[in-house]
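This is upload-v4.txt. It holds compact mmCIF, C-alpha atoms.
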# COMPACT_ATOMS: atom_id res chain seq x y z
CA MET A 19 -86.75 184.67 -6.03
CA GLU A 20 -89.22 187.05 -7.50
CA THR A 21 -88.73 185.76 -11.02
CA THR A 22 -89.52 182.21 -9.96
CA ILE A 23 -92.71 183.40 -8.35
CA ALA A 24 -93.59 185.35 -11.43
CA GLN A 25 -92.96 182.37 -13.63
CA ALA A 26 -95.01 180.14 -11.41
CA ASP A 27 -97.75 182.72 -11.64
CA ILE A 28 -97.52 182.72 -15.41
CA SER A 29 -98.00 178.99 -15.60
CA THR A 30 -100.89 178.97 -13.15
CA GLU A 31 -102.44 181.93 -14.87
CA ALA A 32 -102.09 180.27 -18.24
CA GLU A 33 -103.79 177.16 -16.93
CA HIS A 34 -106.40 179.34 -15.35
CA ALA A 35 -107.05 181.24 -18.53
CA THR A 36 -107.35 178.16 -20.66
CA GLY A 37 -109.57 176.53 -18.08
CA ALA A 38 -111.78 179.52 -17.52
CA ASP A 39 -114.72 180.08 -19.78
CA ALA A 40 -115.19 183.23 -21.76
CA THR A 41 -117.59 184.93 -19.40
CA HIS A 42 -115.00 185.78 -16.77
CA SER A 43 -111.73 186.02 -18.59
CA SER A 44 -109.38 188.62 -17.21
CA THR A 45 -109.67 190.98 -20.18
CA GLY A 46 -111.65 193.57 -18.32
CA VAL A 47 -109.53 193.34 -15.22
CA PRO A 48 -106.47 195.59 -15.06
CA ALA A 49 -103.30 193.57 -15.21
CA GLU A 50 -101.78 193.63 -11.76
CA HIS A 51 -98.38 192.74 -10.52
CA GLY A 52 -97.97 189.03 -10.18
CA GLU A 53 -100.37 188.15 -12.94
CA ALA A 54 -99.32 186.54 -16.19
CA PHE A 55 -96.66 188.29 -18.21
CA PRO A 56 -99.00 190.46 -20.29
CA PRO A 57 -97.61 189.72 -23.78
CA PHE A 58 -98.13 186.02 -23.15
CA ASP A 59 -101.56 186.33 -21.58
CA PRO A 60 -103.89 184.49 -23.97
CA SER A 61 -106.98 186.13 -22.54
CA THR A 62 -106.06 189.40 -24.26
CA PHE A 63 -105.30 187.82 -27.62
CA GLY A 64 -108.88 187.95 -28.82
CA THR A 65 -109.44 191.65 -28.32
CA GLN A 66 -106.01 192.51 -29.70
CA LEU A 67 -106.57 190.45 -32.82
CA ILE A 68 -110.02 191.88 -33.42
CA TRP A 69 -108.80 195.43 -33.09
CA LEU A 70 -105.73 194.67 -35.18
CA VAL A 71 -107.98 193.37 -37.95
CA ILE A 72 -110.27 196.39 -37.72
CA THR A 73 -107.51 199.00 -37.60
CA PHE A 74 -105.20 197.36 -40.11
CA ALA A 75 -108.03 196.86 -42.58
CA ALA A 76 -108.98 200.51 -42.20
CA LEU A 77 -105.35 201.50 -42.65
CA TYR A 78 -104.99 199.35 -45.75
CA VAL A 79 -108.13 200.70 -47.33
CA ALA A 80 -107.26 204.30 -46.57
CA ILE A 81 -103.72 203.91 -47.82
CA SER A 82 -104.49 201.95 -50.97
CA ARG A 83 -107.56 203.99 -51.93
CA LEU A 84 -106.63 207.49 -50.83
CA ALA A 85 -103.12 208.19 -49.68
CA LEU A 86 -100.95 206.29 -52.14
CA PRO A 87 -102.87 207.20 -55.31
CA ARG A 88 -102.69 210.83 -54.27
CA ILE A 89 -98.97 210.80 -53.54
CA GLY A 90 -98.36 208.77 -56.68
CA ALA A 91 -100.29 211.30 -58.73
CA ILE A 92 -98.29 214.16 -57.22
CA LEU A 93 -95.02 212.44 -58.05
CA ASP A 94 -96.19 211.56 -61.56
CA ASP A 95 -97.31 215.13 -62.17
CA ARG A 96 -93.96 216.42 -61.08
CA LYS A 97 -92.11 213.91 -63.20
CA ALA A 98 -94.26 214.77 -66.22
CA ARG A 99 -93.62 218.46 -65.63
CA ILE A 100 -89.87 218.00 -65.31
CA ASP A 101 -89.77 215.76 -68.37
CA GLY A 102 -91.83 218.30 -70.32
CA ASP A 103 -89.49 221.10 -69.32
CA LEU A 104 -86.47 219.03 -70.24
CA ASN A 105 -88.00 218.24 -73.62
CA ALA A 106 -88.75 221.91 -74.22
CA ALA A 107 -85.19 222.78 -73.31
CA ASP A 108 -83.94 220.10 -75.66
CA ALA A 109 -86.14 221.41 -78.47
CA SER A 110 -84.82 224.92 -77.91
CA ARG A 111 -81.29 223.64 -77.99
CA GLN A 112 -81.92 221.83 -81.25
CA LYS A 113 -83.42 224.97 -82.72
CA THR A 114 -80.33 226.91 -81.67
CA ASP A 115 -78.11 224.30 -83.22
CA ALA A 116 -80.05 224.47 -86.47
CA ALA A 117 -79.76 228.27 -86.50
CA ILE A 118 -76.03 228.03 -85.92
CA ALA A 119 -75.70 225.49 -88.72
CA ALA A 120 -77.70 227.68 -91.10
CA TYR A 121 -75.56 230.67 -90.23
CA GLU A 122 -72.39 228.72 -90.83
CA ALA A 123 -73.68 227.41 -94.15
CA GLU A 124 -74.57 230.91 -95.25
CA LEU A 125 -71.21 232.18 -94.17
CA ALA A 126 -69.44 229.46 -96.14
CA ASP A 127 -71.62 230.23 -99.15
CA ALA A 128 -70.81 233.91 -98.99
CA ARG A 129 -67.16 233.13 -98.61
CA ALA A 130 -67.27 230.89 -101.68
CA LYS A 131 -69.13 233.54 -103.63
CA SER A 132 -66.64 236.24 -102.75
CA HIS A 133 -63.84 233.91 -103.64
CA ALA A 134 -65.39 233.24 -107.03
CA LEU A 135 -65.89 236.92 -107.60
CA ALA A 136 -62.28 237.66 -106.76
CA GLU A 137 -61.13 234.89 -109.04
CA GLU A 138 -63.28 236.19 -111.88
CA THR A 139 -61.93 239.68 -111.46
CA ARG A 140 -58.38 238.39 -111.39
CA GLN A 141 -59.00 236.41 -114.57
CA GLY A 142 -60.47 239.46 -116.27
CA ILE A 143 -57.53 241.63 -115.32
CA LYS A 144 -55.11 238.95 -116.42
CA ALA A 145 -56.83 238.61 -119.78
CA ASP A 146 -56.75 242.35 -120.20
CA ILE A 147 -53.07 242.50 -119.38
CA ASP A 148 -52.35 239.62 -121.71
CA ALA A 149 -54.20 241.27 -124.56
CA LYS A 150 -52.35 244.51 -124.01
CA ARG A 151 -49.04 242.77 -123.81
CA GLN A 152 -49.76 240.86 -126.97
CA SER A 153 -50.62 243.98 -128.86
CA VAL A 154 -47.51 245.68 -127.54
CA GLU A 155 -45.44 242.66 -128.41
CA ALA A 156 -46.97 242.52 -131.88
CA ASP A 157 -46.23 246.18 -132.30
CA LEU A 158 -42.70 245.66 -131.12
CA SER A 159 -42.05 242.69 -133.34
CA LYS A 160 -43.42 244.64 -136.26
CA LYS A 161 -41.03 247.45 -135.51
CA VAL A 162 -38.18 244.95 -135.09
CA ALA A 163 -39.04 243.43 -138.44
CA GLU A 164 -39.10 246.84 -140.05
CA ALA A 165 -35.78 247.72 -138.53
CA GLU A 166 -34.33 244.45 -139.61
CA ALA A 167 -35.60 245.04 -143.11
CA ARG A 168 -34.01 248.43 -143.06
CA ILE A 169 -30.76 247.01 -141.83
CA GLN A 170 -30.95 244.33 -144.48
CA ALA A 171 -31.52 246.97 -147.14
CA THR A 172 -28.65 249.06 -145.91
CA LYS A 173 -26.47 245.98 -145.76
CA THR A 174 -27.34 244.94 -149.34
CA GLU A 175 -26.75 248.47 -150.43
CA ALA A 176 -23.45 248.50 -148.66
CA LEU A 177 -22.49 245.16 -150.13
CA GLY A 178 -23.38 246.53 -153.61
CA HIS A 179 -20.68 249.12 -153.16
CA VAL A 180 -18.06 246.56 -152.12
CA GLY A 181 -16.87 245.76 -155.68
CA GLU A 182 -16.44 249.41 -156.44
CA ILE A 183 -14.52 250.03 -153.30
CA ALA A 184 -12.38 246.99 -153.89
CA ALA A 185 -11.56 248.16 -157.45
CA ASP A 186 -10.68 251.59 -156.17
CA THR A 187 -8.51 250.07 -153.49
CA VAL A 188 -6.76 247.74 -155.89
CA GLU A 189 -6.18 250.62 -158.30
CA ALA A 190 -4.79 252.67 -155.56
CA LEU A 191 -2.58 249.78 -154.47
CA VAL A 192 -1.37 249.11 -157.98
CA GLN A 193 -0.64 252.73 -158.49
CA GLN A 194 1.26 252.71 -155.30
CA LEU A 195 3.17 249.62 -156.25
CA THR A 196 3.78 250.33 -159.92
CA GLY A 197 3.39 253.97 -159.97
CA THR A 198 1.62 253.57 -163.30
CA GLY A 199 -0.87 251.24 -164.85
CA SER A 200 -4.49 251.15 -165.01
CA ALA A 201 -6.63 249.84 -162.28
CA LYS A 202 -9.15 248.85 -164.85
CA GLU A 203 -6.73 246.45 -166.46
CA ALA A 204 -5.65 244.97 -163.23
CA SER A 205 -9.04 244.05 -162.31
CA MET B 10 -98.28 199.35 -7.55
CA ALA B 11 -98.95 199.78 -3.86
CA ASP B 12 -95.38 200.80 -3.11
CA PRO B 13 -94.53 203.91 -5.13
CA THR B 14 -90.78 203.33 -4.88
CA LYS B 15 -91.18 199.89 -6.36
CA VAL B 16 -90.85 200.00 -10.13
CA ASP B 17 -92.43 197.28 -12.16
CA PRO B 18 -90.99 197.18 -15.69
CA ILE B 19 -93.67 194.77 -16.84
CA HIS B 20 -96.58 196.99 -15.90
CA GLN B 21 -96.25 198.99 -19.14
CA PHE B 22 -97.27 195.96 -21.17
CA GLY B 23 -100.48 195.40 -19.24
CA ILE B 24 -103.68 195.50 -21.20
CA THR B 25 -106.50 197.28 -19.50
CA SER B 26 -110.02 197.50 -20.72
CA MET B 27 -111.23 201.02 -21.35
CA VAL B 28 -114.64 200.50 -22.87
CA PRO B 29 -115.98 197.07 -22.03
CA LEU B 30 -117.83 196.09 -25.16
CA GLY B 31 -117.85 192.44 -24.30
CA ASP B 32 -115.16 190.06 -23.25
CA SER B 33 -113.24 189.52 -26.44
CA PHE B 34 -114.25 192.74 -28.13
CA ALA B 35 -113.24 195.06 -25.28
CA PHE B 36 -111.73 198.38 -26.27
CA THR B 37 -108.41 198.30 -24.44
CA ASN B 38 -105.39 200.59 -24.26
CA SER B 39 -103.93 198.42 -27.02
CA SER B 40 -107.00 199.04 -29.18
CA LEU B 41 -106.73 202.73 -28.45
CA PHE B 42 -103.16 202.88 -29.66
CA MET B 43 -103.92 200.84 -32.76
CA VAL B 44 -106.66 203.34 -33.57
CA LEU B 45 -104.32 206.25 -32.81
CA THR B 46 -101.57 204.73 -34.95
CA VAL B 47 -103.85 204.28 -37.92
CA GLY B 48 -105.44 207.67 -37.32
CA LEU B 49 -102.06 209.39 -37.24
CA ILE B 50 -100.79 207.65 -40.37
CA VAL B 51 -103.88 208.29 -42.44
CA SER B 52 -104.47 211.84 -41.29
CA TYR B 53 -100.82 212.78 -41.74
CA LEU B 54 -100.59 211.33 -45.23
CA LEU B 55 -103.87 212.89 -46.30
CA ILE B 56 -103.46 216.31 -44.69
CA SER B 57 -99.85 216.77 -45.75
CA THR B 58 -100.67 215.99 -49.36
CA ALA B 59 -103.95 217.89 -49.45
CA GLY B 60 -102.34 220.80 -51.33
CA ARG B 61 -100.90 218.51 -54.05
CA LYS B 62 -98.13 221.03 -54.44
CA LEU B 63 -95.82 220.75 -57.39
CA VAL B 64 -93.09 222.15 -55.17
CA PRO B 65 -93.75 220.22 -51.96
CA THR B 66 -94.07 221.69 -48.51
CA ARG B 67 -92.00 220.07 -45.77
CA ALA B 68 -94.89 217.96 -44.55
CA GLN B 69 -95.72 216.83 -48.07
CA LEU B 70 -92.06 216.03 -48.69
CA VAL B 71 -92.06 213.64 -45.72
CA SER B 72 -95.02 211.78 -47.19
CA GLU B 73 -93.36 211.67 -50.58
CA MET B 74 -90.11 210.41 -49.08
CA LEU B 75 -91.93 207.66 -47.20
CA TYR B 76 -93.66 206.70 -50.43
CA GLU B 77 -90.47 206.61 -52.46
CA PHE B 78 -88.52 204.90 -49.70
CA VAL B 79 -90.95 201.99 -49.51
CA ALA B 80 -91.45 201.96 -53.28
CA ASN B 81 -87.72 201.72 -53.94
CA MET B 82 -87.29 199.08 -51.27
CA LEU B 83 -90.07 196.94 -52.71
CA ARG B 84 -88.94 197.45 -56.30
CA GLY B 85 -85.40 196.52 -55.33
CA ALA B 86 -86.49 193.35 -53.56
CA ALA B 87 -89.37 192.13 -55.71
CA GLY B 88 -89.00 193.96 -59.01
CA THR B 89 -91.64 195.96 -60.84
CA GLU B 90 -94.11 193.10 -60.56
CA GLY B 91 -93.91 193.42 -56.79
CA MET B 92 -95.37 196.93 -56.98
CA LYS B 93 -98.89 195.48 -56.90
CA PHE B 94 -98.18 194.78 -53.23
CA PHE B 95 -97.05 198.33 -52.61
CA PRO B 96 -100.12 199.39 -50.58
CA PHE B 97 -99.78 196.25 -48.48
CA VAL B 98 -96.08 196.70 -47.75
CA PHE B 99 -96.55 200.42 -47.18
CA SER B 100 -99.37 199.75 -44.70
CA ILE B 101 -97.27 197.20 -42.81
CA PHE B 102 -94.26 199.47 -42.72
CA MET B 103 -96.21 202.48 -41.51
CA PHE B 104 -98.19 200.47 -38.96
CA VAL B 105 -95.08 198.94 -37.41
CA LEU B 106 -93.10 202.17 -37.64
CA ILE B 107 -95.69 204.39 -36.00
CA GLY B 108 -96.61 201.67 -33.50
CA ASN B 109 -92.95 201.41 -32.48
CA LEU B 110 -92.43 205.17 -32.35
CA PHE B 111 -95.58 205.77 -30.31
CA GLY B 112 -94.26 203.31 -27.77
CA ILE B 113 -91.25 205.48 -27.02
CA ILE B 114 -93.42 208.31 -25.76
CA PRO B 115 -93.82 207.91 -21.98
CA PHE B 116 -97.15 206.45 -20.79
CA PHE B 117 -97.97 205.34 -24.31
CA PHE B 118 -98.75 201.72 -24.95
CA THR B 119 -96.59 199.88 -27.46
CA ILE B 120 -98.77 197.72 -29.67
CA THR B 121 -95.81 195.90 -31.18
CA SER B 122 -94.64 194.73 -27.76
CA HIS B 123 -97.27 192.00 -27.86
CA ILE B 124 -96.36 188.83 -29.68
CA VAL B 125 -99.91 188.26 -30.80
CA ILE B 126 -99.83 191.47 -32.84
CA THR B 127 -96.47 190.85 -34.46
CA PHE B 128 -97.32 187.20 -35.06
CA ALA B 129 -100.63 188.13 -36.65
CA LEU B 130 -98.83 190.55 -38.96
CA ALA B 131 -96.26 187.90 -39.84
CA ILE B 132 -98.98 185.33 -40.52
CA LEU B 133 -100.72 187.90 -42.68
CA VAL B 134 -97.54 188.37 -44.72
CA ILE B 135 -96.95 184.64 -45.09
CA SER B 136 -100.61 184.06 -46.01
CA VAL B 137 -100.36 186.66 -48.75
CA VAL B 138 -97.15 185.01 -49.98
CA LEU B 139 -98.72 181.55 -49.97
CA ILE B 140 -102.03 182.55 -51.52
CA TYR B 141 -100.52 184.74 -54.20
CA GLY B 142 -97.72 182.26 -54.83
CA PHE B 143 -100.10 179.39 -55.48
CA MET B 144 -102.54 181.59 -57.41
CA LYS B 145 -99.87 182.89 -59.75
CA ASN B 146 -97.60 179.88 -60.12
CA GLY B 147 -99.95 177.02 -59.29
CA ILE B 148 -98.11 173.94 -58.20
CA GLY B 149 -94.95 175.50 -59.63
CA PHE B 150 -94.74 177.57 -56.48
CA LEU B 151 -93.28 174.48 -54.81
CA LYS B 152 -90.15 175.06 -56.89
CA LEU B 153 -89.39 177.55 -54.15
CA PHE B 154 -88.20 174.60 -52.10
CA VAL B 155 -86.03 173.20 -54.87
CA PRO B 156 -83.09 175.50 -55.49
CA GLN B 157 -81.88 175.54 -59.07
CA GLY B 158 -78.49 174.15 -59.98
CA VAL B 159 -78.37 171.76 -57.04
CA PRO B 160 -77.42 168.20 -57.96
CA GLY B 161 -80.21 165.66 -57.51
CA TYR B 162 -78.61 163.63 -54.76
CA VAL B 163 -78.39 166.68 -52.47
CA LEU B 164 -82.08 167.49 -52.86
CA PRO B 165 -83.29 165.14 -50.10
CA ILE B 166 -81.22 167.23 -47.69
CA VAL B 167 -81.79 170.66 -49.22
CA VAL B 168 -85.55 170.47 -49.68
CA PRO B 169 -86.40 169.77 -46.02
CA ILE B 170 -84.03 172.58 -45.00
CA GLU B 171 -85.80 174.95 -47.38
CA ILE B 172 -89.19 173.89 -46.05
CA VAL B 173 -88.13 174.34 -42.45
CA SER B 174 -86.65 177.73 -43.23
CA PHE B 175 -89.89 178.73 -44.93
CA LEU B 176 -91.98 177.55 -42.01
CA SER B 177 -89.79 179.39 -39.53
CA ARG B 178 -90.27 182.69 -41.36
CA PRO B 179 -93.41 183.84 -39.57
CA ILE B 180 -91.83 182.94 -36.25
CA SER B 181 -88.56 184.73 -36.90
CA LEU B 182 -90.37 187.69 -38.43
CA SER B 183 -92.70 188.14 -35.48
CA VAL B 184 -90.31 187.26 -32.68
CA ARG B 185 -87.62 189.58 -34.01
CA LEU B 186 -89.89 192.60 -33.83
CA PHE B 187 -91.61 191.60 -30.60
CA ALA B 188 -88.39 190.74 -28.74
CA ASN B 189 -86.60 193.88 -29.86
CA ILE B 190 -89.38 196.15 -28.73
CA LEU B 191 -90.10 194.24 -25.53
CA ALA B 192 -86.46 194.05 -24.45
CA GLY B 193 -85.86 197.68 -25.27
CA HIS B 194 -88.84 198.84 -23.29
CA ILE B 195 -88.00 196.69 -20.28
CA THR B 196 -84.42 197.97 -20.28
CA LEU B 197 -85.64 201.54 -20.58
CA LYS B 198 -88.08 201.07 -17.76
CA VAL B 199 -85.51 199.40 -15.50
CA PHE B 200 -83.05 202.25 -15.91
CA ALA B 201 -85.78 204.83 -15.50
CA GLY B 202 -86.79 202.93 -12.35
CA PHE B 203 -83.25 203.29 -11.02
CA VAL B 204 -83.53 207.03 -11.38
CA PHE B 205 -86.73 206.99 -9.39
CA THR B 206 -85.51 204.62 -6.69
CA MET B 207 -82.20 206.41 -6.18
CA GLY B 208 -83.88 209.77 -6.21
CA THR B 209 -85.83 208.83 -3.09
CA LEU B 210 -82.66 207.93 -1.14
CA GLY B 211 -81.64 211.43 -0.13
CA TRP B 212 -79.22 213.84 -1.74
CA LEU B 213 -76.48 211.25 -2.40
CA GLY B 214 -78.90 209.06 -4.26
CA PHE B 215 -80.16 212.13 -6.02
CA LEU B 216 -76.66 212.71 -7.40
CA GLY B 217 -76.22 209.05 -8.18
CA ALA B 218 -79.43 209.07 -10.16
CA ALA B 219 -77.71 211.17 -12.80
CA LEU B 220 -75.99 208.08 -14.15
CA PRO B 221 -79.09 206.01 -14.90
CA LEU B 222 -80.77 209.18 -16.13
CA ALA B 223 -78.05 209.66 -18.73
CA MET B 224 -78.39 205.99 -19.56
CA THR B 225 -82.13 206.41 -20.03
CA VAL B 226 -81.58 209.29 -22.41
CA ALA B 227 -79.06 207.25 -24.40
CA LEU B 228 -81.36 204.24 -24.40
CA THR B 229 -84.23 206.34 -25.65
CA ALA B 230 -82.10 207.35 -28.62
CA LEU B 231 -81.21 203.72 -29.15
CA GLU B 232 -84.86 202.73 -28.95
CA LEU B 233 -85.66 205.34 -31.55
CA LEU B 234 -83.15 203.69 -33.83
CA VAL B 235 -84.48 200.22 -33.03
CA ALA B 236 -88.06 201.34 -33.67
CA VAL B 237 -87.23 202.61 -37.15
CA LEU B 238 -84.84 199.80 -37.94
CA GLN B 239 -87.24 197.04 -36.94
CA ALA B 240 -90.02 198.57 -39.01
CA TYR B 241 -87.60 198.68 -41.93
CA VAL B 242 -86.46 195.10 -41.36
CA PHE B 243 -90.05 193.91 -41.16
CA ALA B 244 -90.90 195.65 -44.42
CA VAL B 245 -87.75 194.49 -46.21
CA LEU B 246 -88.36 190.88 -45.22
CA THR B 247 -91.98 191.22 -46.31
CA SER B 248 -90.76 192.45 -49.69
CA MET B 249 -88.31 189.56 -49.99
CA TYR B 250 -90.92 186.98 -49.11
CA LEU B 251 -93.28 188.53 -51.64
CA ASN B 252 -90.48 188.24 -54.18
CA ASP B 253 -90.48 184.49 -53.52
CA ALA B 254 -94.18 184.39 -54.35
CA ILE B 255 -93.63 186.30 -57.59
CA HIS B 256 -90.42 184.57 -58.68
CA PRO B 257 -90.41 181.18 -56.94
CA SER B 258 -87.40 179.75 -58.74
CA HIS B 259 -84.36 181.39 -57.22
Transcribe the structure of this file into structure tokens.
Amino acid sequence: METTIAQADISTEAEHATGADATHSSTGVPAEHGEAFPPFDPSTFGTQLIWLVITFAALYVAISRLALPRIGAILDDRKARIDGDLNAADASRQKTDAAIAAYEAELADARAKSHALAEETRQGIKADIDAKRQSVEADLSKKVAEAEARIQATKTEALGHVGEIAADTVEALVQQLTGTGSAKEAS
Amino acid sequence: MADPTKVDPIHQFGITSMVPLGDSFAFTNSSLFMVLTVGLIVSYLLISTAGRKLVPTRAQLVSEMLYEFVANMLRGAAGTEGMKFFPFVFSIFMFVLIGNLFGIIPFFFTITSHIVITFALAILVISVVLIYGFMKNGIGFLKLFVPQGVPGYVLPIVVPIEIVSFLSRPISLSVRLFANILAGHITLKVFAGFVFTMGTLGWLGFLGAALPLAMTVALTALELLVAVLQAYVFAVLTSMYLNDAIHPSH
């Protein structure tokens, strides 16, 4: 019931508003119950549009000229600062890595040097030992040779006496066997 | 409103002249809330960021989050090229958002509950799309209506559909926001009216009024969601339409 009345009012009001000239449109009059449904009341469109244009233009200008550049600058500053700090941290890390690498290289170098030194010492000692052994061996072989020579001499000497001993033995044997005779003849 | 027990849910949308500056230029309650909306947005953004703190204060963080939220949304929808419209999209988003949120406060006028406002904003968006689209792409902007990879014999059907869908954009954009806000406010007012009407019916009605009161509280929360969501939807669609202007061949 009420809605139909309201709707009828809307249509009459709309006709009224379009028919009425600008001097007594209902803009200044408070909207009362039973008048046109306010969002569809064309008489208020003009003022709303004008104020929308004014306020939105002001908003756009203020936002694009002041607010957004400022916030953007704040965010950029922060990003630059964070990036700078990250870069510094990265540089420090690289420096640390380089120091570690240098330390390791030096350590390896020292190790190699000590190894070489040890090797050299070992070689020296070995050479020393070898020389000593050689001299001892030479000494020994000389002594062996001397001893062999002596043995050889003794042997030759002994062999020189063999004929004599054999003659004596034969003489003795002949004497034993014959009881007489001369050993000198027998031989 | 002669009868105080009679609640009129439409009354809240009435436009009343406050400073009569002439018939079409009158400063109305709607004008007042547009000015307040813009004033709040600008003063908040400027005051909260006045310190330019490297480590932001809470107020500054809100401004920064709004900035990055809209920036990411626009960049996601329209790419880096779309960032030249950032102030425009940000203004629209903030205007609709604060306009919607102001409307939830009792006795405050909701500027977005009037179709002329939402339609004007939608026309503004579409005008920017059209003007920039033709400026940047020339006649090639019309490729927007010719989807790629569609066989030629389907085009006579597809192109009119694309054109109609393009033409319906300002209507859907404006009516969506307007209808959501209008319906929400009427519902809220009707339930709040129940509280009032039942409260005048003696102690039984007083108890019974608890139900619509709870409903009003719940609806207010819902309206809060709708207010934010519709501002977001409006801004997202704006970004997507701008994307069409920048990259017309989809």
query = Smallest atom-to-atom distance to chain A: which of B:Pro65, B:Pro115, B:Pro18, B:Gly23, using all atoms listed in the file?
reply =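 Comparing B:Pro65, B:Pro115, B:Pro18, B:Gly23 against chain A, the winner is B:Gly23.
Residue nearest chain B within the list A:Ala167, A:Leu177, A:Ile183, A:Ile68: A:Ile68 [criterion: smallest interatomic distance, all atoms listed in the file].
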ask   = With only C-alpha atoms as the atoms that count, which of B:Gln239, B:Gln69, B:Ser100, B:Gln157 lies nearest to Ser57 of chain B?
value =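 Comparing B:Gln239, B:Gln69, B:Ser100, B:Gln157 against Ser57 of chain B, the winner is B:Gln69.
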message = At a cut-off of 12 Å, using only C-alpha atoms, what residues contact Ala131 of chain B? Leave out same-chain residues fewer than 5 positions from it and give the result as number ranges by chain.
response = B: 98, 101, 105, 121, 124-126, 136-138, 176-187, 243-244, 246-247, 250
Those selected residues, please, written with C-alpha atoms and delivered as a CSV table (one decimal), keeping the file's coordinate frame.
chain,number,residue,atom,x,y,z
B,98,VAL,CA,-96.1,196.7,-47.8
B,101,ILE,CA,-97.3,197.2,-42.8
B,105,VAL,CA,-95.1,198.9,-37.4
B,121,THR,CA,-95.8,195.9,-31.2
B,124,ILE,CA,-96.4,188.8,-29.7
B,125,VAL,CA,-99.9,188.3,-30.8
B,126,ILE,CA,-99.8,191.5,-32.8
B,136,SER,CA,-100.6,184.1,-46.0
B,137,VAL,CA,-100.4,186.7,-48.8
B,138,VAL,CA,-97.2,185.0,-50.0
B,176,LEU,CA,-92.0,177.6,-42.0
B,177,SER,CA,-89.8,179.4,-39.5
B,178,ARG,CA,-90.3,182.7,-41.4
B,179,PRO,CA,-93.4,183.8,-39.6
B,180,ILE,CA,-91.8,182.9,-36.2
B,181,SER,CA,-88.6,184.7,-36.9
B,182,LEU,CA,-90.4,187.7,-38.4
B,183,SER,CA,-92.7,188.1,-35.5
B,184,VAL,CA,-90.3,187.3,-32.7
B,185,ARG,CA,-87.6,189.6,-34.0
B,186,LEU,CA,-89.9,192.6,-33.8
B,187,PHE,CA,-91.6,191.6,-30.6
B,243,PHE,CA,-90.0,193.9,-41.2
B,244,ALA,CA,-90.9,195.6,-44.4
B,246,LEU,CA,-88.4,190.9,-45.2
B,247,THR,CA,-92.0,191.2,-46.3
B,250,TYR,CA,-90.9,187.0,-49.1
inquiry  = Report, in Å to a single decimal, how far apart atom CA of Ser248 of chain B and atom CA of Ser52 of chain B are.
reply    = 25.2 Å
All residues 10 Å or closer to segment 145-156 of chain B, all atoms listed in the file, same chain fewer than 5 positions away omitted, as a ChimeraX atom specification = /B:139-140,161,164-165,167-175,253-259
Using all atoms listed in the file, find which residues of chain B lie within 9 Å of chain A and jot them down as a CSV table (one decimal) with C-alpha atoms, keeping the file's coordinate frame.
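Below is the file that was written, selection09.csv:
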chain,number,residue,atom,x,y,z
B,10,MET,CA,-98.3,199.4,-7.6
B,17,ASP,CA,-92.4,197.3,-12.2
B,19,ILE,CA,-93.7,194.8,-16.8
B,20,HIS,CA,-96.6,197.0,-15.9
B,22,PHE,CA,-97.3,196.0,-21.2
B,23,GLY,CA,-100.5,195.4,-19.2
B,24,ILE,CA,-103.7,195.5,-21.2
B,25,THR,CA,-106.5,197.3,-19.5
B,26,SER,CA,-110.0,197.5,-20.7
B,27,MET,CA,-111.2,201.0,-21.4
B,28,VAL,CA,-114.6,200.5,-22.9
B,29,PRO,CA,-116.0,197.1,-22.0
B,31,GLY,CA,-117.8,192.4,-24.3
B,32,ASP,CA,-115.2,190.1,-23.2
B,33,SER,CA,-113.2,189.5,-26.4
B,34,PHE,CA,-114.2,192.7,-28.1
B,35,ALA,CA,-113.2,195.1,-25.3
B,36,PHE,CA,-111.7,198.4,-26.3
B,37,THR,CA,-108.4,198.3,-24.4
B,39,SER,CA,-103.9,198.4,-27.0
B,40,SER,CA,-107.0,199.0,-29.2
B,41,LEU,CA,-106.7,202.7,-28.4
B,43,MET,CA,-103.9,200.8,-32.8
B,44,VAL,CA,-106.7,203.3,-33.6
B,46,THR,CA,-101.6,204.7,-35.0
B,47,VAL,CA,-103.8,204.3,-37.9
B,48,GLY,CA,-105.4,207.7,-37.3
B,50,ILE,CA,-100.8,207.6,-40.4
B,51,VAL,CA,-103.9,208.3,-42.4
B,54,LEU,CA,-100.6,211.3,-45.2
B,55,LEU,CA,-103.9,212.9,-46.3
B,58,THR,CA,-100.7,216.0,-49.4
B,59,ALA,CA,-104.0,217.9,-49.4
B,61,ARG,CA,-100.9,218.5,-54.0
B,62,LYS,CA,-98.1,221.0,-54.4
B,63,LEU,CA,-95.8,220.8,-57.4
B,64,VAL,CA,-93.1,222.2,-55.2
B,69,GLN,CA,-95.7,216.8,-48.1
B,72,SER,CA,-95.0,211.8,-47.2
B,73,GLU,CA,-93.4,211.7,-50.6
B,76,TYR,CA,-93.7,206.7,-50.4
B,95,PHE,CA,-97.0,198.3,-52.6
B,96,PRO,CA,-100.1,199.4,-50.6
B,97,PHE,CA,-99.8,196.2,-48.5
B,99,PHE,CA,-96.6,200.4,-47.2
B,100,SER,CA,-99.4,199.8,-44.7
B,101,ILE,CA,-97.3,197.2,-42.8
B,104,PHE,CA,-98.2,200.5,-39.0
B,120,ILE,CA,-98.8,197.7,-29.7
B,122,SER,CA,-94.6,194.7,-27.8
B,123,HIS,CA,-97.3,192.0,-27.9
B,124,ILE,CA,-96.4,188.8,-29.7
B,125,VAL,CA,-99.9,188.3,-30.8
B,126,ILE,CA,-99.8,191.5,-32.8
B,129,ALA,CA,-100.6,188.1,-36.6
B,130,LEU,CA,-98.8,190.6,-39.0
B,191,LEU,CA,-90.1,194.2,-25.5
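Computed from the coordinates, the atom CA of Ala227 of chain B to atom CA of Gly202 of chain B distance equals 15.0 Å.
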